[in-house]
Amino acid sequence: MNPPICGHGSGHASRRGLYAITPDDNDTARLLARVETVLAAGAAWLQYRNKAADPALRERQASALLPLCRHHRVPLIINDDWRLAAAIGADGAHLGEDDGELAAARAALPEGAILGASCYADLSLARGAAAAGADYIAFGAFFPSPTKPNARNAGLDLLRDSASLGLPRVAIGGITPDNARPLVAAGADLLAVISGVFDAADPAAAVRRYLDCFEAPASI
Ligand SMILES: Cc1ncc(COP(=O)(O)OP(=O)(O)O)c(N)n1
Ligand SMILES: Cc1nc(C(=O)O)sc1CCOP(=O)(O)O
Ligand SMILES: [Mg+2]
């Protein structure tokens with residue numbers, strides 16, 4: 001049994017499940033209502049990501065999501081900006097290749113904060129992230145992504161081959177309830193999803209279908 005991940009505000013974060021990532025929605029009331037539906041349905045983690053907002057709106061939206069996440073005991077991770085995560089007392093930050101040094105973020109974030117790293121389709125990035133103190137490693141895109149059409153392509157071997165790093169493995173990119181089971185079978189601990197949840201006709205039902213993928217992974 002793997003140990004739980006820390007999240008300094010939400011207690012121990014679940015190591016497996018659905019990692020919902022917010023869509024670009026600048027209507028804060030609507031965003032909160034959409035996220036409430038998804039958390040109530042059982043998403044294990046939330047990442048606040050909004051590429052269409054200015055810094056002031058990002059801070060307002062992230063701050064407004066925090067009590068919602070606390071209520072559902074779900075860690076709130078801030079995309080791109082560890083300073084914003086620290087400023088609002090979020091549970092952690094997710095950084096990609098354009099978002100600054102992982103080691104600097106690790107050193108600056110409070111103890112217990114969760115630091116996630118994008119590793120795309122590159123095992124050596126995952127090794128570097130582990131050495132820099134990341135708490136999880138994310139690979140993608142496993143399928144064509146409506147949100148990020150130009151994302152690099154990742155294969156299942158990355159999930160298998162990174163097991164030895166001993167960190168939770170996150171899969172991202174075009175994941176739907178219909179294509180997710182092989183990812184779980186290959187070792188994905190968390191499925192990170194934007195459109196498959198937030199663009200679904202019934203987001204709560206979509207969340208439950210993702211959770212089902214952890215009950216009976218495909219044999220491959
Ligand atoms: C869980 C997770 N994995 C990967 C990403 C992508 O991060 P990045 O490459 O920095 O791209 P943007 O999301 O910033 O466009 C992520 N956000 N979350
Ligand atoms: C933000 C992001 N990062 C990716 C990567 O491959 O690193 S794919 C992606 C988009 C995920 O959204 P959707 O679930 O709608 O495909
Ligand atoms: Mg980023």
# chains A, B, ... in the order shown; residues from 1 in each chain; ligands from 1
>>> residues_around(residues="Ile77 of chain A", least_positions_apart="6", cutoff="7 Å", atoms="only C-alpha atoms", output="compact mmCIF listing (two decimals) with C-alpha atoms, in the first residue's frame")
# COMPACT_ATOMS: atom_id res chain seq x y z
CA LEU A 46 -8.92 19.67 -8.12
CA GLN A 47 -6.49 21.74 -10.14
CA TYR A 48 -7.34 25.37 -10.77
CA ALA A 90 -3.74 26.21 -1.47
CA ASP A 91 -2.53 22.63 -1.09
CA GLY A 92 0.04 22.81 -3.84
CA ALA A 93 1.08 23.78 -7.33
CA HIS A 94 1.56 22.08 -10.68
>>> residues_near_ligand(ligand="ligand 2", cutoff="6 Å", atoms="only C-alpha atoms and all ligand atoms", output="PyMOL selection string")
chain A and resi 118+120+140-141+145-148+151-152+172-175+193-196
>>> write_last_selection(atoms="C-alpha atoms", output="short mmCIF file (atom, residue, chain, number, x, y, z; two decimals), in the first residue's frame")
data_model
loop_
_atom_site.label_atom_id
_atom_site.label_comp_id
_atom_site.auth_asym_id
_atom_site.auth_seq_id
_atom_site.Cartn_x
_atom_site.Cartn_y
_atom_site.Cartn_z
CA SER A 118 4.64 17.78 -16.07
CA TYR A 120 5.16 14.98 -21.03
CA GLY A 140 0.66 13.03 -21.44
CA ALA A 141 -0.98 13.40 -23.75
CA SER A 145 -6.79 16.40 -26.37
CA PRO A 146 -9.61 18.80 -27.28
CA THR A 147 -8.14 21.25 -24.76
CA LYS A 148 -4.54 21.02 -25.97
CA ALA A 151 0.27 18.27 -26.86
CA ARG A 152 3.01 15.66 -27.29
CA ILE A 172 -3.48 13.43 -18.78
CA GLY A 173 -4.65 14.29 -22.26
CA GLY A 174 -7.89 13.34 -23.97
CA ILE A 175 -8.87 10.85 -21.28
CA VAL A 193 -9.22 15.44 -16.99
CA ILE A 194 -10.70 18.70 -18.23
CA SER A 195 -13.06 18.24 -21.19
CA GLY A 196 -14.17 14.70 -20.38
#
>>> residues_near_ligand(ligand="ligand 3", cutoff="10 Å", atoms="only C-alpha atoms and all ligand atoms", output="ChimeraX atom specification")
/A:49,51,78-81,93-100,117-118
>>> closest_residue(among="A:Ala200, A:Ala171, A:Ala33, A:Ala62", to="ligand 1", atoms="only C-alpha atoms and all ligand atoms")
A:Ala171
>>> closest_residue(among="A:Ala129, A:Ala105, A:Leu76, A:Ala192", to="ligand 1", atoms="only C-alpha atoms and all ligand atoms")
A:Ala192
